[in-house]
>>> print(open('run.cif').read())   # mmCIF, C-alpha atoms
data_data
loop_
_atom_site.group_PDB
_atom_site.id
_atom_site.type_symbol
_atom_site.label_atom_id
_atom_site.label_comp_id
_atom_site.auth_asym_id
_atom_site.auth_seq_id
_atom_site.Cartn_x
_atom_site.Cartn_y
_atom_site.Cartn_z
ATOM 1 C CA ALA A 17 -17.203 30.254 -5.187
ATOM 2 C CA GLY A 18 -19.971 29.828 -7.787
ATOM 3 C CA TYR A 19 -20.499 26.089 -7.489
ATOM 4 C CA GLN A 20 -21.800 23.411 -5.132
ATOM 5 C CA VAL A 21 -20.062 20.096 -4.429
ATOM 6 C CA ALA A 22 -21.591 16.828 -3.274
ATOM 7 C CA MET A 23 -18.957 14.203 -2.476
ATOM 8 C CA PHE A 24 -19.956 10.618 -1.793
ATOM 9 C CA SER A 25 -17.036 8.907 -0.105
ATOM 10 C CA LEU A 26 -17.980 5.248 0.000
ATOM 11 C CA GLU A 27 -14.733 4.282 1.736
ATOM 12 C CA MET A 28 -12.946 7.172 3.504
ATOM 13 C CA PRO A 29 -14.598 8.752 6.592
ATOM 14 C CA THR A 30 -15.813 12.353 6.370
ATOM 15 C CA ALA A 31 -13.418 13.520 9.114
ATOM 16 C CA LYS A 32 -10.366 12.534 7.064
ATOM 17 C CA ILE A 33 -11.702 14.269 3.957
ATOM 18 C CA ILE A 34 -12.411 17.500 5.841
ATOM 19 C CA MET A 35 -8.937 17.402 7.384
ATOM 20 C CA ARG A 36 -7.335 17.075 3.937
ATOM 21 C CA LEU A 37 -9.431 19.927 2.577
ATOM 22 C CA GLN A 38 -8.311 22.063 5.515
ATOM 23 C CA MET A 39 -4.669 21.189 4.826
ATOM 24 C CA CYS A 40 -5.007 22.406 1.232
ATOM 25 C CA GLN A 41 -7.089 25.464 2.091
ATOM 26 C CA TRP A 42 -4.779 26.785 4.806
ATOM 27 C CA SER A 43 -1.442 25.323 3.603
ATOM 28 C CA GLN A 44 -0.902 23.152 6.662
ATOM 29 C CA THR A 45 0.784 19.782 7.030
ATOM 30 C CA ARG A 46 -0.989 16.800 8.551
ATOM 31 C CA GLU A 47 0.612 17.551 11.923
ATOM 32 C CA GLY A 48 0.196 21.318 11.656
ATOM 33 C CA ILE A 49 -3.536 21.315 10.916
ATOM 34 C CA ARG A 50 -4.242 19.664 14.271
ATOM 35 C CA GLU A 51 -2.819 22.699 16.085
ATOM 36 C CA TYR A 52 -3.875 25.362 13.573
ATOM 37 C CA ALA A 53 -6.723 27.653 14.564
ATOM 38 C CA VAL A 54 -8.989 27.352 11.531
ATOM 39 C CA PRO A 55 -10.845 30.664 10.932
ATOM 40 C CA ARG A 56 -14.496 29.953 11.692
ATOM 41 C CA ASP A 57 -15.957 32.264 9.060
ATOM 42 C CA GLU A 58 -13.747 30.895 6.286
ATOM 43 C CA HIS A 59 -14.425 27.321 7.366
ATOM 44 C CA ARG A 60 -18.157 27.954 7.372
ATOM 45 C CA GLN A 61 -17.975 29.452 3.878
ATOM 46 C CA MET A 62 -16.097 26.378 2.645
ATOM 47 C CA CYS A 63 -18.652 23.996 4.129
ATOM 48 C CA GLU A 64 -21.716 25.950 3.002
ATOM 49 C CA ARG A 65 -21.237 24.798 -0.572
ATOM 50 C CA LEU A 66 -20.027 21.294 0.299
ATOM 51 C CA LEU A 67 -21.765 18.054 1.207
ATOM 52 C CA VAL A 68 -19.589 15.083 2.223
ATOM 53 C CA ASP A 69 -21.492 11.859 2.739
ATOM 54 C CA ASP A 70 -19.572 8.760 3.848
ATOM 55 C CA THR A 71 -22.540 6.392 3.988
ATOM 56 C CA ALA A 72 -21.415 3.020 2.654
ATOM 57 C CA SER A 73 -22.940 1.283 -0.378
ATOM 58 C CA LEU A 74 -25.163 4.159 -1.509
ATOM 59 C CA SER A 75 -27.031 3.545 -4.753
ATOM 60 C CA VAL A 76 -27.003 6.124 -7.534
ATOM 61 C CA ALA A 77 -30.637 6.964 -6.796
ATOM 62 C CA GLN A 78 -29.776 7.692 -3.147
ATOM 63 C CA MET A 79 -26.863 9.884 -4.229
ATOM 64 C CA ALA A 80 -29.101 11.875 -6.564
ATOM 65 C CA LEU A 81 -31.632 12.448 -3.792
ATOM 66 C CA ARG A 82 -28.978 13.691 -1.366
ATOM 67 C CA ALA A 83 -27.224 15.825 -3.988
ATOM 68 C CA ARG A 84 -30.411 17.849 -4.339
ATOM 69 C CA GLN A 85 -29.841 19.074 -0.767
ATOM 70 C CA VAL A 86 -26.925 21.248 -1.862
ATOM 71 C CA ARG A 87 -28.397 22.171 -5.214
ATOM 72 C CA VAL A 88 -28.652 25.938 -5.741
ATOM 73 C CA GLU A 89 -30.430 27.399 -8.753
ATOM 74 C CA ARG A 90 -28.218 28.738 -11.552
ATOM 75 C CA GLN A 91 -25.041 27.409 -9.900
ATOM 76 C CA PRO A 92 -23.030 24.457 -11.280
ATOM 77 C CA LEU A 93 -23.199 21.255 -9.255
ATOM 78 C CA ILE A 94 -20.206 18.910 -9.028
ATOM 79 C CA ILE A 95 -20.841 15.360 -7.806
ATOM 80 C CA VAL A 96 -17.826 13.261 -6.776
ATOM 81 C CA VAL A 97 -18.059 9.482 -6.223
ATOM 82 C CA ASP A 98 -15.185 7.574 -4.600
ATOM 83 C CA HIS A 99 -15.189 4.949 -5.874
ATOM 84 C CA ALA A 100 -17.235 3.131 -8.550
ATOM 85 C CA GLY A 101 -16.559 -0.341 -7.158
ATOM 86 C CA LEU A 102 -18.380 0.457 -3.897
ATOM 87 C CA ILE A 103 -21.622 1.826 -5.365
ATOM 88 C CA GLY A 104 -24.601 -0.111 -4.011
ATOM 89 C CA GLY A 105 -27.759 -1.406 -5.609
ATOM 90 C CA HIS A 106 -28.667 -4.217 -8.033
ATOM 91 C CA GLU A 107 -26.873 -6.791 -5.872
ATOM 92 C CA SER A 108 -28.701 -9.717 -7.511
ATOM 93 C CA LEU A 109 -27.207 -8.985 -10.934
ATOM 94 C CA LYS A 110 -23.923 -10.218 -12.317
ATOM 95 C CA GLN A 111 -21.044 -7.778 -11.914
ATOM 96 C CA TYR A 112 -20.910 -6.548 -15.515
ATOM 97 C CA ASP A 113 -24.677 -6.013 -15.673
ATOM 98 C CA ARG A 114 -24.647 -4.257 -12.291
ATOM 99 C CA VAL A 115 -21.805 -1.919 -13.256
ATOM 100 C CA SER A 116 -23.480 -1.214 -16.601
ATOM 101 C CA LEU A 117 -26.691 -0.103 -14.886
ATOM 102 C CA GLN A 118 -24.786 1.971 -12.328
ATOM 103 C CA MET A 119 -22.679 3.814 -14.907
ATOM 104 C CA ARG A 120 -25.713 4.622 -17.045
ATOM 105 C CA ALA A 121 -27.572 5.765 -13.928
ATOM 106 C CA LEU A 122 -24.692 8.151 -13.173
ATOM 107 C CA GLN A 123 -24.936 9.490 -16.717
ATOM 108 C CA ALA A 124 -28.688 9.995 -16.336
ATOM 109 C CA MET A 125 -28.179 11.716 -12.956
ATOM 110 C CA ALA A 126 -25.713 14.161 -14.516
ATOM 111 C CA LYS A 127 -28.251 15.121 -17.164
ATOM 112 C CA ARG A 128 -31.200 15.288 -14.777
ATOM 113 C CA LEU A 129 -29.396 17.516 -12.254
ATOM 114 C CA ASN A 130 -27.369 19.377 -14.898
ATOM 115 C CA ALA A 131 -24.256 18.393 -12.936
ATOM 116 C CA PHE A 132 -20.638 17.452 -13.535
ATOM 117 C CA VAL A 133 -20.058 13.911 -12.227
ATOM 118 C CA VAL A 134 -16.531 12.782 -11.310
ATOM 119 C CA VAL A 135 -16.087 9.073 -10.572
ATOM 120 C CA ALA A 136 -12.944 7.325 -9.329
ATOM 121 C CA VAL A 137 -12.402 3.892 -10.911
ATOM 122 C CA GLN A 138 -9.910 1.395 -9.532
ATOM 123 C CA VAL A 139 -7.265 -0.164 -11.757
ATOM 124 C CA SER A 140 -5.830 -3.616 -11.137
ATOM 125 C CA ARG A 141 -2.113 -4.151 -10.618
ATOM 126 C CA GLU A 142 -1.842 -6.162 -13.837
ATOM 127 C CA VAL A 143 -2.654 -3.133 -16.013
ATOM 128 C CA GLY A 144 -0.717 -0.513 -14.059
ATOM 129 C CA GLY A 145 -2.596 -0.045 -10.798
ATOM 130 C CA ASP A 146 0.701 -0.197 -8.925
ATOM 131 C CA GLY A 147 2.073 2.774 -10.895
ATOM 132 C CA SER A 148 4.514 0.657 -12.888
ATOM 133 C CA ARG A 149 3.184 1.554 -16.351
ATOM 134 C CA ARG A 150 1.040 4.078 -18.169
ATOM 135 C CA LEU A 151 -2.669 3.467 -17.979
ATOM 136 C CA HIS A 152 -4.972 3.005 -20.948
ATOM 137 C CA VAL A 153 -8.701 3.316 -21.572
ATOM 138 C CA GLY A 154 -9.277 -0.420 -21.188
ATOM 139 C CA GLY A 155 -7.433 -0.606 -17.872
ATOM 140 C CA GLY A 156 -10.298 0.079 -15.487
ATOM 141 C CA ARG A 157 -12.420 -2.667 -14.026
ATOM 142 C CA ASP A 158 -15.380 -3.356 -16.334
ATOM 143 C CA SER A 159 -13.738 -0.814 -18.615
ATOM 144 C CA GLY A 160 -16.017 -1.336 -21.609
ATOM 145 C CA VAL A 161 -19.106 0.263 -20.110
ATOM 146 C CA VAL A 162 -17.043 2.898 -18.283
ATOM 147 C CA GLU A 163 -15.408 3.980 -21.538
ATOM 148 C CA GLU A 164 -18.772 4.103 -23.298
ATOM 149 C CA VAL A 165 -20.492 6.319 -20.714
ATOM 150 C CA PHE A 166 -17.873 8.878 -19.688
ATOM 151 C CA ASP A 167 -16.992 11.931 -21.784
ATOM 152 C CA TYR A 168 -13.529 12.303 -20.266
ATOM 153 C CA MET A 169 -11.147 9.836 -18.655
ATOM 154 C CA LEU A 170 -7.964 10.695 -16.766
ATOM 155 C CA GLY A 171 -5.287 8.163 -15.898
ATOM 156 C CA MET A 172 -3.339 8.942 -12.710
ATOM 157 C CA ARG A 173 -0.459 6.971 -11.241
ATOM 158 C CA ARG A 174 2.435 7.293 -8.801
ATOM 159 C CA LEU A 175 5.745 5.644 -9.616
ATOM 160 C CA ASP A 176 6.759 5.587 -5.956
ATOM 161 C CA TYR A 177 3.993 3.014 -5.394
ATOM 162 C CA ASP A 178 5.663 0.549 -7.789
ATOM 163 C CA THR A 179 6.840 -2.296 -5.545
ATOM 164 C CA ASP A 180 9.049 -3.688 -8.313
ATOM 165 C CA ALA A 181 11.065 -0.454 -8.603
ATOM 166 C CA ASP A 182 14.312 -0.060 -6.671
ATOM 167 C CA ASP A 183 14.598 2.275 -3.682
ATOM 168 C CA ALA A 184 16.449 4.950 -5.677
ATOM 169 C CA THR A 185 13.673 5.138 -8.300
ATOM 170 C CA ARG A 186 10.909 5.293 -5.712
ATOM 171 C CA GLN A 187 12.761 8.053 -3.871
ATOM 172 C CA GLN A 188 13.361 9.986 -7.108
ATOM 173 C CA TYR A 189 9.648 10.013 -7.972
ATOM 174 C CA ARG A 190 8.326 10.382 -4.449
ATOM 175 C CA ASP A 191 5.077 12.406 -4.158
ATOM 176 C CA GLN A 192 4.853 12.940 -7.914
ATOM 177 C CA LEU A 193 1.570 12.364 -9.708
ATOM 178 C CA PHE A 194 1.604 11.385 -13.394
ATOM 179 C CA VAL A 195 -1.604 12.421 -15.183
ATOM 180 C CA GLU A 196 -2.780 11.664 -18.705
ATOM 181 C CA ILE A 197 -5.999 12.310 -20.642
ATOM 182 C CA LEU A 198 -7.052 8.863 -21.847
ATOM 183 C CA LYS A 199 -10.317 9.941 -23.449
ATOM 184 C CA ASN A 200 -11.714 13.278 -24.577
ATOM 185 C CA ARG A 201 -15.028 12.973 -26.367
ATOM 186 C CA HIS A 202 -14.810 16.598 -27.497
ATOM 187 C CA GLY A 203 -11.165 16.802 -28.507
ATOM 188 C CA ASP A 204 -7.778 15.098 -28.597
ATOM 189 C CA ARG A 205 -6.194 13.050 -25.841
ATOM 190 C CA MET A 206 -2.750 13.821 -24.423
ATOM 191 C CA SER A 207 0.266 12.505 -26.295
ATOM 192 C CA ARG A 208 2.316 12.296 -23.088
ATOM 193 C CA GLU A 209 1.880 12.297 -19.328
ATOM 194 C CA GLN A 210 1.946 15.518 -17.335
ATOM 195 C CA VAL A 211 3.576 15.528 -13.899
ATOM 196 C CA PHE A 212 2.485 17.289 -10.722
ATOM 197 C CA THR A 213 4.468 17.416 -7.480
ATOM 198 C CA MET A 214 2.498 17.090 -4.237
ATOM 199 C CA ASP A 215 3.796 18.874 -1.145
ATOM 200 C CA GLN A 216 3.064 18.052 2.497
ATOM 201 C CA THR A 217 -0.100 20.165 2.411
ATOM 202 C CA LEU A 218 -1.418 17.999 -0.478
ATOM 203 C CA ARG A 219 -1.212 20.902 -2.934
ATOM 204 C CA LEU A 220 -0.190 20.024 -6.494
ATOM 205 C CA THR A 221 2.342 21.998 -8.533
ATOM 206 C CA PHE A 222 2.882 21.456 -12.252
ATOM 207 C CA ALA A 223 6.368 20.042 -12.915
ATOM 208 C CA PRO A 224 6.905 20.121 -16.707
ATOM 209 C CA GLY A 225 10.559 18.998 -16.636
ATOM 210 C CA ILE A 226 9.933 15.558 -15.108
ATOM 211 C CA GLN A 227 9.421 12.443 -17.223
ATOM 212 C CA ALA A 228 8.805 8.827 -16.318
ATOM 213 C CA PRO A 229 11.722 6.424 -16.824
ATOM 214 C CA ARG A 230 11.587 4.089 -19.780
ATOM 215 C CA LYS A 231 11.074 0.425 -19.091
ATOM 216 C CA ARG A 232 14.258 -1.529 -19.723
ATOM 217 C CA ALA A 233 14.178 -4.692 -21.816
ATOM 218 C CA ARG A 234 14.936 -7.885 -19.895
ATOM 219 C CA ARG A 235 17.648 -10.259 -21.031
ATOM 220 C CA GLY A 236 16.784 -13.809 -22.005
ATOM 221 C CA GLY A 237 18.876 -16.892 -21.398
ATOM 222 C CA ASP A 238 20.505 -16.540 -24.814
ATOM 223 C CA GLY A 239 21.568 -12.965 -24.080
ATOM 224 C CA THR A 240 18.996 -11.385 -26.392
ATOM 225 C CA ALA A 241 16.788 -8.591 -25.182
ATOM 226 C CA HIS A 242 13.059 -9.065 -25.001
ATOM 227 C CA ARG A 243 10.218 -7.144 -23.425
ATOM 228 C CA ARG A 244 7.685 -8.560 -21.022
ATOM 229 C CA ALA A 245 4.334 -8.869 -22.766
ATOM 230 C CA THR A 246 1.453 -7.178 -20.975
ATOM 231 C CA ARG A 247 -2.032 -8.410 -21.567
ATOM 232 C CA ARG A 248 -4.596 -5.710 -22.163
ATOM 233 C CA ALA A 249 -7.831 -5.867 -20.217
ATOM 234 C CA PRO A 250 -10.733 -7.118 -22.368
ATOM 235 C CA ARG A 251 -12.976 -4.447 -23.822
ATOM 236 C CA ALA A 252 -16.693 -4.630 -24.438
ATOM 237 C CA TRP A 253 -17.955 -3.629 -27.863
#
>>> encode(input="run.cif", output="structure tokens")
Amino acid sequence: AGYQVAMFSLEMPTAKIIMRLQMCQWSQTREGIREYAVPRDEHRQMCERLLVDDTASLSVAQMALRARQVRVERQPLIIVVDHAGLIGGHESLKQYDRVSLQMRALQAMAKRLNAFVVVAVQVSREVGGDGSRRLHVGGGRDSGVVEEVFDYMLGMRRLDYDTDADDATRQQYRDQLFVEILKNRHGDRMSREQVFTMDQTLRLTFAPGIQAPRKRARRGGDGTAHRRATRRAPRAW
């Protein structure tokens, strides 16, 4: 109630985002929300404090300008960016330099608007983007500057997206989200992943009894067990 949200969806259309918000708000499935009579007053109240902008390739400066539209004095502002790889601006620079400027611009925007900024960062398959392994701070693309700028980092993965897992494993962990605090500038990180189960209305429920399976060691030609080495993404210092 006491906050404003500006979401910049650089990939997903606004209509799909609103539909998913409606599913969560009124506990409806994807099929049910199409036939559900959404209460007008409640829907208007939800949208009054929300800006969803799906303009592609927005720069951080453009986001800051548009976020001011929903800014209300003495109320917290939350800015969501999905995702970092699609932020526009500084196209003439090399990728690392461009991302570095963009991340620092996001940090400056948070301070200038006194806002909480949440940014989604893609992870490549090689470091766990397919859900096959736990994520780490250096796993994001251009992770060095991302790690330096952000106060908190969450790693989220779904084991049912692991294409190397068998059908039984994917079915066992279907619609379960594994979450871990990778960085906490003001405290400790998590020692283990926490699991949330997602229902058909996209609501999450904490599931403390579920744990990820351990990776089995592969057998070599001589019958000895060995583990597949995983190369960590390079980090900038």
>>> resolve_selection(input="run.cif", expression="the PyMOL selection byres ((chain A and resi 194) around 9)", output="MDAnalysis selection string")
chainID A and resid 147 150 171:175 192:193 195:196 209:213 227:228
>>> resolve_selection(input="run.cif", expression="the PyMOL selection byres ((chain A and resi 197-203) around 12)", output="PDB file with C-alpha atoms, keeping the file's coordinate frame")
ATOM      1  CA  ARG A 150       1.040   4.078 -18.169  1.00  0.00           C
ATOM      2  CA  LEU A 151      -2.669   3.467 -17.979  1.00  0.00           C
ATOM      3  CA  HIS A 152      -4.972   3.005 -20.948  1.00  0.00           C
ATOM      4  CA  VAL A 153      -8.701   3.316 -21.572  1.00  0.00           C
ATOM      5  CA  GLY A 154      -9.277  -0.420 -21.188  1.00  0.00           C
ATOM      6  CA  GLY A 155      -7.433  -0.606 -17.872  1.00  0.00           C
ATOM      7  CA  GLY A 156     -10.298   0.079 -15.487  1.00  0.00           C
ATOM      8  CA  VAL A 162     -17.043   2.898 -18.283  1.00  0.00           C
ATOM      9  CA  GLU A 163     -15.408   3.980 -21.538  1.00  0.00           C
ATOM     10  CA  GLU A 164     -18.772   4.103 -23.298  1.00  0.00           C
ATOM     11  CA  VAL A 165     -20.492   6.319 -20.714  1.00  0.00           C
ATOM     12  CA  PHE A 166     -17.873   8.878 -19.688  1.00  0.00           C
ATOM     13  CA  ASP A 167     -16.992  11.931 -21.784  1.00  0.00           C
ATOM     14  CA  TYR A 168     -13.529  12.303 -20.266  1.00  0.00           C
ATOM     15  CA  MET A 169     -11.147   9.836 -18.655  1.00  0.00           C
ATOM     16  CA  LEU A 170      -7.964  10.695 -16.766  1.00  0.00           C
ATOM     17  CA  GLY A 171      -5.287   8.163 -15.898  1.00  0.00           C
ATOM     18  CA  MET A 172      -3.339   8.942 -12.710  1.00  0.00           C
ATOM     19  CA  PHE A 194       1.604  11.385 -13.394  1.00  0.00           C
ATOM     20  CA  VAL A 195      -1.604  12.421 -15.183  1.00  0.00           C
ATOM     21  CA  GLU A 196      -2.780  11.664 -18.705  1.00  0.00           C
ATOM     22  CA  ASP A 204      -7.778  15.098 -28.597  1.00  0.00           C
ATOM     23  CA  ARG A 205      -6.194  13.050 -25.841  1.00  0.00           C
ATOM     24  CA  MET A 206      -2.750  13.821 -24.423  1.00  0.00           C
ATOM     25  CA  SER A 207       0.266  12.505 -26.295  1.00  0.00           C
ATOM     26  CA  ARG A 208       2.316  12.296 -23.088  1.00  0.00           C
ATOM     27  CA  GLU A 209       1.880  12.297 -19.328  1.00  0.00           C
ATOM     28  CA  GLN A 210       1.946  15.518 -17.335  1.00  0.00           C
TER      29      GLN A 210
END
>>> residues_around(input="run.cif", residues="Arg114 in chain A", least_positions_apart="5", cutoff="12 Å", atoms="all atoms listed in the file", output="ChimeraX atom specification")
/A:75-76,100-109,119-121,158,161
>>> write_last_selection(input="run.cif", atoms="C-alpha atoms", output="PDB file, in the frame of the given file")
ATOM      1  CA  SER A  75     -27.031   3.545  -4.753  1.00  0.00           C
ATOM      2  CA  VAL A  76     -27.003   6.124  -7.534  1.00  0.00           C
ATOM      3  CA  ALA A 100     -17.235   3.131  -8.550  1.00  0.00           C
ATOM      4  CA  GLY A 101     -16.559  -0.341  -7.158  1.00  0.00           C
ATOM      5  CA  LEU A 102     -18.380   0.457  -3.897  1.00  0.00           C
ATOM      6  CA  ILE A 103     -21.622   1.826  -5.365  1.00  0.00           C
ATOM      7  CA  GLY A 104     -24.601  -0.111  -4.011  1.00  0.00           C
ATOM      8  CA  GLY A 105     -27.759  -1.406  -5.609  1.00  0.00           C
ATOM      9  CA  HIS A 106     -28.667  -4.217  -8.033  1.00  0.00           C
ATOM     10  CA  GLU A 107     -26.873  -6.791  -5.872  1.00  0.00           C
ATOM     11  CA  SER A 108     -28.701  -9.717  -7.511  1.00  0.00           C
ATOM     12  CA  LEU A 109     -27.207  -8.985 -10.934  1.00  0.00           C
ATOM     13  CA  MET A 119     -22.679   3.814 -14.907  1.00  0.00           C
ATOM     14  CA  ARG A 120     -25.713   4.622 -17.045  1.00  0.00           C
ATOM     15  CA  ALA A 121     -27.572   5.765 -13.928  1.00  0.00           C
ATOM     16  CA  ASP A 158     -15.380  -3.356 -16.334  1.00  0.00           C
ATOM     17  CA  VAL A 161     -19.106   0.263 -20.110  1.00  0.00           C
TER      18      VAL A 161
END
>>> closest_residue(input="run.cif", among="A:Gln123, A:Gln44, A:Gln91, A:Gln216", to="Ala77 in chain A", atoms="all atoms listed in the file")
A:Gln123
>>> closest_residue(input="run.cif", among="A:Asp191, A:Tyr52, A:Arg84, A:His59", to="Arg219 in chain A", atoms="all atoms listed in the file")
A:Asp191
>>> atom_distance(input="run.cif", atom1="CA of Ala223 in chain A", atom2="CA of Ala136 in chain A")
23.4 Å
>>> axis_aligned_box(input="run.cif", around="range 178-192 of chain A", padding_each_side="5 Å", output="AutoDock Vina command-line options")
--center_x 10.7 --center_y 4.6 --center_z -6.1 --size_x 21.6 --size_y 26.6 --size_z 14.9
>>> atom_distance(input="run.cif", atom1="CA of Thr217 in chain A", atom2="CA of Met39 in chain A")
5.3 Å
>>> resolve_selection(input="run.cif", expression="the PyMOL selection byres ((chain A and resi 71) around 10)", output="list of chain:residue names")
A:Phe24, A:Ser25, A:Leu26, A:Glu27, A:Met28, A:Pro29, A:Thr30, A:Val68, A:Asp69, A:Asp70, A:Ala72, A:Ser73, A:Leu74, A:Met79
>>> closest_atom_pairs(input="run.cif", of="range 125-149 of chain A", to="range 178-185 of chain A", cutoff="10 Å", atoms="all atoms listed in the file", output="tab-separated table")
residue	atom	partner	partner_atom	distance
A:Arg141	CA	A:Asp178	CA	9.5
A:Gly144	CA	A:Asp178	CA	9.0
A:Gly145	CA	A:Asp178	CA	8.8
A:Asp146	CA	A:Asp178	CA	5.1
A:Gly147	CA	A:Asp178	CA	5.2
A:Ser148	CA	A:Asp178	CA	5.2
A:Arg149	CA	A:Asp178	CA	9.0
>>> write_last_selection(input="run.cif", atoms="C-alpha atoms", output="mmCIF file, keeping the file's coordinate frame")
data_model
loop_
_atom_site.group_PDB
_atom_site.id
_atom_site.type_symbol
_atom_site.label_atom_id
_atom_site.label_comp_id
_atom_site.auth_asym_id
_atom_site.auth_seq_id
_atom_site.Cartn_x
_atom_site.Cartn_y
_atom_site.Cartn_z
ATOM 1 C CA ARG A 141 -2.113 -4.151 -10.618
ATOM 2 C CA GLY A 144 -0.717 -0.513 -14.059
ATOM 3 C CA GLY A 145 -2.596 -0.045 -10.798
ATOM 4 C CA ASP A 146 0.701 -0.197 -8.925
ATOM 5 C CA GLY A 147 2.073 2.774 -10.895
ATOM 6 C CA SER A 148 4.514 0.657 -12.888
ATOM 7 C CA ARG A 149 3.184 1.554 -16.351
#
>>> atom_distance(input="run.cif", atom1="CA of Asp215 in chain A", atom2="CA of Gln61 in chain A")
24.7 Å
>>> residues_around(input="run.cif", residues="Ala80 in chain A", least_positions_apart="5", cutoff="9 Å", atoms="only C-alpha atoms", output="NGL selection string")
:A and (75 or 122 or 125-126 or 129)
>>> residues_around(input="run.cif", residues="Val96 in chain A", least_positions_apart="6", cutoff="7 Å", atoms="all atoms listed in the file", output="PyMOL selection string")
chain A and resi 22-24+133-135
>>> residues_around(input="run.cif", residues="Glu64 in chain A", least_positions_apart="4", cutoff="9 Å", atoms="all atoms listed in the file", output="ChimeraX atom specification")
/A:20,59-60,86
>>> write_last_selection(input="run.cif", atoms="C-alpha atoms", output="mmCIF file, keeping the file's coordinate frame")
data_model
loop_
_atom_site.group_PDB
_atom_site.id
_atom_site.type_symbol
_atom_site.label_atom_id
_atom_site.label_comp_id
_atom_site.auth_asym_id
_atom_site.auth_seq_id
_atom_site.Cartn_x
_atom_site.Cartn_y
_atom_site.Cartn_z
ATOM 1 C CA GLN A 20 -21.800 23.411 -5.132
ATOM 2 C CA HIS A 59 -14.425 27.321 7.366
ATOM 3 C CA ARG A 60 -18.157 27.954 7.372
ATOM 4 C CA VAL A 86 -26.925 21.248 -1.862
#
>>> closest_residue(input="run.cif", among="A:Val54, A:Leu117, A:Cys40, A:Val21", to="Ala83 in chain A", atoms="all atoms listed in the file")
A:Val21
>>> build_atoms(input="run.cif", residues="range 120-124 of chain A", atoms="all heavy atoms", output="PDB file, in the coordinates of the input")
ATOM      1  N   ARG A 120     -24.688   3.920 -16.276  1.00  0.00           N
ATOM      2  CA  ARG A 120     -25.713   4.622 -17.045  1.00  0.00           C
ATOM      3  C   ARG A 120     -26.616   5.449 -16.130  1.00  0.00           C
ATOM      4  O   ARG A 120     -27.134   6.496 -16.533  1.00  0.00           O
ATOM      5  CB  ARG A 120     -26.528   3.632 -17.876  1.00  0.00           C
ATOM      6  CG  ARG A 120     -25.718   3.073 -19.050  1.00  0.00           C
ATOM      7  CD  ARG A 120     -26.530   2.139 -19.932  1.00  0.00           C
ATOM      8  NE  ARG A 120     -25.784   1.829 -21.154  1.00  0.00           N
ATOM      9  CZ  ARG A 120     -24.850   0.899 -21.260  1.00  0.00           C
ATOM     10  NH1 ARG A 120     -24.519   0.189 -20.186  1.00  0.00           N
ATOM     11  NH2 ARG A 120     -24.219   0.692 -22.399  1.00  0.00           N
ATOM     12  N   ALA A 121     -26.806   4.979 -14.895  1.00  0.00           N
ATOM     13  CA  ALA A 121     -27.572   5.765 -13.928  1.00  0.00           C
ATOM     14  C   ALA A 121     -26.821   7.044 -13.550  1.00  0.00           C
ATOM     15  O   ALA A 121     -27.429   8.104 -13.368  1.00  0.00           O
ATOM     16  CB  ALA A 121     -27.865   4.923 -12.685  1.00  0.00           C
ATOM     17  N   LEU A 122     -25.497   6.959 -13.441  1.00  0.00           N
ATOM     18  CA  LEU A 122     -24.692   8.151 -13.173  1.00  0.00           C
ATOM     19  C   LEU A 122     -24.811   9.146 -14.325  1.00  0.00           C
ATOM     20  O   LEU A 122     -24.910  10.361 -14.116  1.00  0.00           O
ATOM     21  CB  LEU A 122     -23.230   7.763 -12.963  1.00  0.00           C
ATOM     22  CG  LEU A 122     -22.888   7.060 -11.654  1.00  0.00           C
ATOM     23  CD1 LEU A 122     -21.442   6.546 -11.696  1.00  0.00           C
ATOM     24  CD2 LEU A 122     -23.070   7.995 -10.468  1.00  0.00           C
ATOM     25  N   GLN A 123     -24.795   8.627 -15.547  1.00  0.00           N
ATOM     26  CA  GLN A 123     -24.936   9.490 -16.717  1.00  0.00           C
ATOM     27  C   GLN A 123     -26.300  10.182 -16.712  1.00  0.00           C
ATOM     28  O   GLN A 123     -26.405  11.382 -16.981  1.00  0.00           O
ATOM     29  CB  GLN A 123     -24.761   8.666 -17.982  1.00  0.00           C
ATOM     30  CG  GLN A 123     -24.788   9.477 -19.272  1.00  0.00           C
ATOM     31  CD  GLN A 123     -24.662   8.577 -20.495  1.00  0.00           C
ATOM     32  OE1 GLN A 123     -25.330   7.552 -20.595  1.00  0.00           O
ATOM     33  NE2 GLN A 123     -23.791   8.951 -21.427  1.00  0.00           N
ATOM     34  N   ALA A 124     -27.348   9.421 -16.385  1.00  0.00           N
ATOM     35  CA  ALA A 124     -28.688   9.995 -16.336  1.00  0.00           C
ATOM     36  C   ALA A 124     -28.803  11.032 -15.211  1.00  0.00           C
ATOM     37  O   ALA A 124     -29.457  12.071 -15.369  1.00  0.00           O
ATOM     38  CB  ALA A 124     -29.716   8.892 -16.139  1.00  0.00           C
TER      39      ALA A 124
END
